[in-house]
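Since the structure comes first, as structure tokens, the remarks are kept for the end.
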Amino acid sequence: MPSSAWTLRRRASTVGHASRYLARGYRRVSEVNHEELMQEGIAGLLVALERYDDGRENCFWTYAAWWVRGAMQNLVSELRGPVVLSDRALRRQARIERSRSERLREHGREATVSELAVDNDLCEEEVSRLRGAARPARSLDEPLPFGDGVVVSFGDTLADPTAHEAYDDLLLAIAALDVPRLRAELTDREDLVVCARFGLDGPQQPLRELARVLGVSSERVRQIERNALRKMREAA
């Protein structure tokens with residue numbers, strides 16, 4: 001650690017100016033506030049002040065810049081993408097993006113995954129994972145057009161690949177001709193929900209649209225659907 005308060009203040013002032021210079025590299029990142037970026041840089045500076053040893057051959061700024069830049073990059077990674085990446089992964093992402101831009105400029109087309117892998121000395125799986133992690137996060141409440149003026153949320157369009165499709169399981173357990181008999185066990189509202197959700201008498205309807213038609217919440221429609229399927233299983 002430095003031996004005098006004057007030396008500390010001088011080093012802190014020097015790195016503070018340099019931190020503002022480093023922060024300029026993120027001006028185009030709309031998700032990051034400049035003040036927040038500077039705060040993270042100061043946090044990195046404090047770590048450098050605590051860990052620096054005067055016996056090192058490299059100067060303090062060279063040592064501190066690594067901590068300041070790393071703190072800023074971590075903040076950018078947390079705010080820009082759904083996955084927090086290491087500094088090494090961020091650098092690889094930047095190299096991949098440069099390769100993609102260069103090939104697009106030279107050849108007038110998007111580079112393939114194999115071409116990007118060769119350019120960056122990576123395997124194709126690594127390139128795919130890094131490019132996938134660079135995609136921005138999307139809100140589950142993001143509105144999406146569903147046709148005929150209907151708007152649904154992005155979350156309503158997602159399917160759980162690990163979940164069992166209850167109605168498909170039901171059709172495997174019983175003959176399709178038994179469905180009308182099983183529907184007779186349902187109330188009018190339950191029958192309406194099952195038919196609409198699984199397209200028995202027409203096109204399938206999204207959860208939110210069906211909730212609007214019935215004048216109830218989406219969670220209530222899910223409850224009605226679960227109760228109806230339970231009745232049909234028991235009757236089967």
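All residue names refer to the structure tokens as shown: chains lettered A, B, ... in order, residues numbered from 1 in each chain, ligands numbered from 1 in order.
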Would you write out, as JSON lines, a table of all residues in segment 47-81 of chain A that have an atom no more than 10 Å from an atom of segment 87-109 of chain A, listing for each the closest atom pair and the distance in Å to one decimal, considering only C-alpha atoms and ordering rows by chain and rising residue number?
```
{"residue": "A:Arg69", "atom": "CA", "partner": "A:Asp87", "partner_atom": "CA", "distance": 9.4}
{"residue": "A:Gly70", "atom": "CA", "partner": "A:Asp87", "partner_atom": "CA", "distance": 6.8}
{"residue": "A:Ala71", "atom": "CA", "partner": "A:Asp87", "partner_atom": "CA", "distance": 9.5}
{"residue": "A:Gln73", "atom": "CA", "partner": "A:Asp87", "partner_atom": "CA", "distance": 6.9}
{"residue": "A:Asn74", "atom": "CA", "partner": "A:Asp87", "partner_atom": "CA", "distance": 7.3}
{"residue": "A:Val76", "atom": "CA", "partner": "A:Leu90", "partner_atom": "CA", "distance": 9.9}
{"residue": "A:Ser77", "atom": "CA", "partner": "A:Leu90", "partner_atom": "CA", "distance": 7.9}
```
Please write the residues from the selection above to a file, keeping all heavy atoms, as a PDB file, in the first residue's frame.
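Dumped everything to result_33.pdb:
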```
ATOM      1  N   ARG A  69     -11.413  -1.370 -15.541  1.00  0.00           N
ATOM      2  CA  ARG A  69     -12.044  -1.860 -16.771  1.00  0.00           C
ATOM      3  C   ARG A  69     -12.885  -3.110 -16.478  1.00  0.00           C
ATOM      4  O   ARG A  69     -13.993  -3.263 -17.009  1.00  0.00           O
ATOM      5  CB  ARG A  69     -10.985  -2.183 -17.818  1.00  0.00           C
ATOM      6  CG  ARG A  69     -11.571  -2.613 -19.169  1.00  0.00           C
ATOM      7  CD  ARG A  69     -10.484  -2.965 -20.160  1.00  0.00           C
ATOM      8  NE  ARG A  69      -9.692  -1.811 -20.525  1.00  0.00           N
ATOM      9  CZ  ARG A  69      -8.421  -1.631 -20.133  1.00  0.00           C
ATOM     10  NH1 ARG A  69      -7.821  -2.521 -19.343  1.00  0.00           N
ATOM     11  NH2 ARG A  69      -7.751  -0.561 -20.505  1.00  0.00           N
ATOM     12  N   GLY A  70     -12.374  -3.993 -15.636  1.00  0.00           N
ATOM     13  CA  GLY A  70     -13.122  -5.201 -15.308  1.00  0.00           C
ATOM     14  C   GLY A  70     -14.429  -4.887 -14.603  1.00  0.00           C
ATOM     15  O   GLY A  70     -15.462  -5.509 -14.894  1.00  0.00           O
ATOM     16  N   ALA A  71     -14.421  -3.925 -13.685  1.00  0.00           N
ATOM     17  CA  ALA A  71     -15.651  -3.559 -12.977  1.00  0.00           C
ATOM     18  C   ALA A  71     -16.675  -2.977 -13.944  1.00  0.00           C
ATOM     19  O   ALA A  71     -17.873  -3.271 -13.857  1.00  0.00           O
ATOM     20  CB  ALA A  71     -15.329  -2.551 -11.873  1.00  0.00           C
ATOM     21  N   GLN A  73     -16.863  -3.544 -17.232  1.00  0.00           N
ATOM     22  CA  GLN A  73     -17.333  -4.594 -18.137  1.00  0.00           C
ATOM     23  C   GLN A  73     -18.341  -5.514 -17.453  1.00  0.00           C
ATOM     24  O   GLN A  73     -19.300  -5.969 -18.079  1.00  0.00           O
ATOM     25  CB  GLN A  73     -16.147  -5.394 -18.665  1.00  0.00           C
ATOM     26  CG  GLN A  73     -15.308  -4.638 -19.678  1.00  0.00           C
ATOM     27  CD  GLN A  73     -14.126  -5.450 -20.162  1.00  0.00           C
ATOM     28  OE1 GLN A  73     -13.697  -6.393 -19.515  1.00  0.00           O
ATOM     29  NE2 GLN A  73     -13.589  -5.080 -21.314  1.00  0.00           N
ATOM     30  N   ASN A  74     -18.136  -5.778 -16.174  1.00  0.00           N
ATOM     31  CA  ASN A  74     -19.090  -6.614 -15.442  1.00  0.00           C
ATOM     32  C   ASN A  74     -20.456  -5.943 -15.374  1.00  0.00           C
ATOM     33  O   ASN A  74     -21.492  -6.599 -15.516  1.00  0.00           O
ATOM     34  CB  ASN A  74     -18.577  -6.900 -14.032  1.00  0.00           C
ATOM     35  CG  ASN A  74     -17.422  -7.886 -14.021  1.00  0.00           C
ATOM     36  OD1 ASN A  74     -17.238  -8.652 -14.970  1.00  0.00           O
ATOM     37  ND2 ASN A  74     -16.629  -7.864 -12.960  1.00  0.00           N
ATOM     38  N   VAL A  76     -21.682  -3.715 -17.519  1.00  0.00           N
ATOM     39  CA  VAL A  76     -22.258  -3.750 -18.861  1.00  0.00           C
ATOM     40  C   VAL A  76     -22.822  -5.126 -19.159  1.00  0.00           C
ATOM     41  O   VAL A  76     -23.913  -5.270 -19.714  1.00  0.00           O
ATOM     42  CB  VAL A  76     -21.200  -3.361 -19.919  1.00  0.00           C
ATOM     43  CG1 VAL A  76     -21.727  -3.574 -21.333  1.00  0.00           C
ATOM     44  CG2 VAL A  76     -20.794  -1.901 -19.744  1.00  0.00           C
ATOM     45  N   SER A  77     -22.098  -6.166 -18.761  1.00  0.00           N
ATOM     46  CA  SER A  77     -22.565  -7.534 -19.000  1.00  0.00           C
ATOM     47  C   SER A  77     -23.859  -7.807 -18.256  1.00  0.00           C
ATOM     48  O   SER A  77     -24.780  -8.432 -18.788  1.00  0.00           O
ATOM     49  CB  SER A  77     -21.487  -8.530 -18.560  1.00  0.00           C
ATOM     50  OG  SER A  77     -21.949  -9.848 -18.663  1.00  0.00           O
TER      51      SER A  77
END
```
Atom CA of Gly202 of chain A and atom CA of Ala235 of chain A, how far apart in Å?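 Between atom CA of Ala235 of chain A and atom CA of Gly202 of chain A the gap works out to 24.0 Å.
When only C-alpha atoms are used to measure the gap to Ser153 of chain A, the shortest distance among A:Asn33, A:Gln204, A:Ser218, A:Gln223 belongs to A:Ser218.
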Nearest to Ala196 of chain A: which of A:Pro145, A:Cys59, A:Val47, A:Ala211 is it, counting only C-alpha atoms? A:Ala211
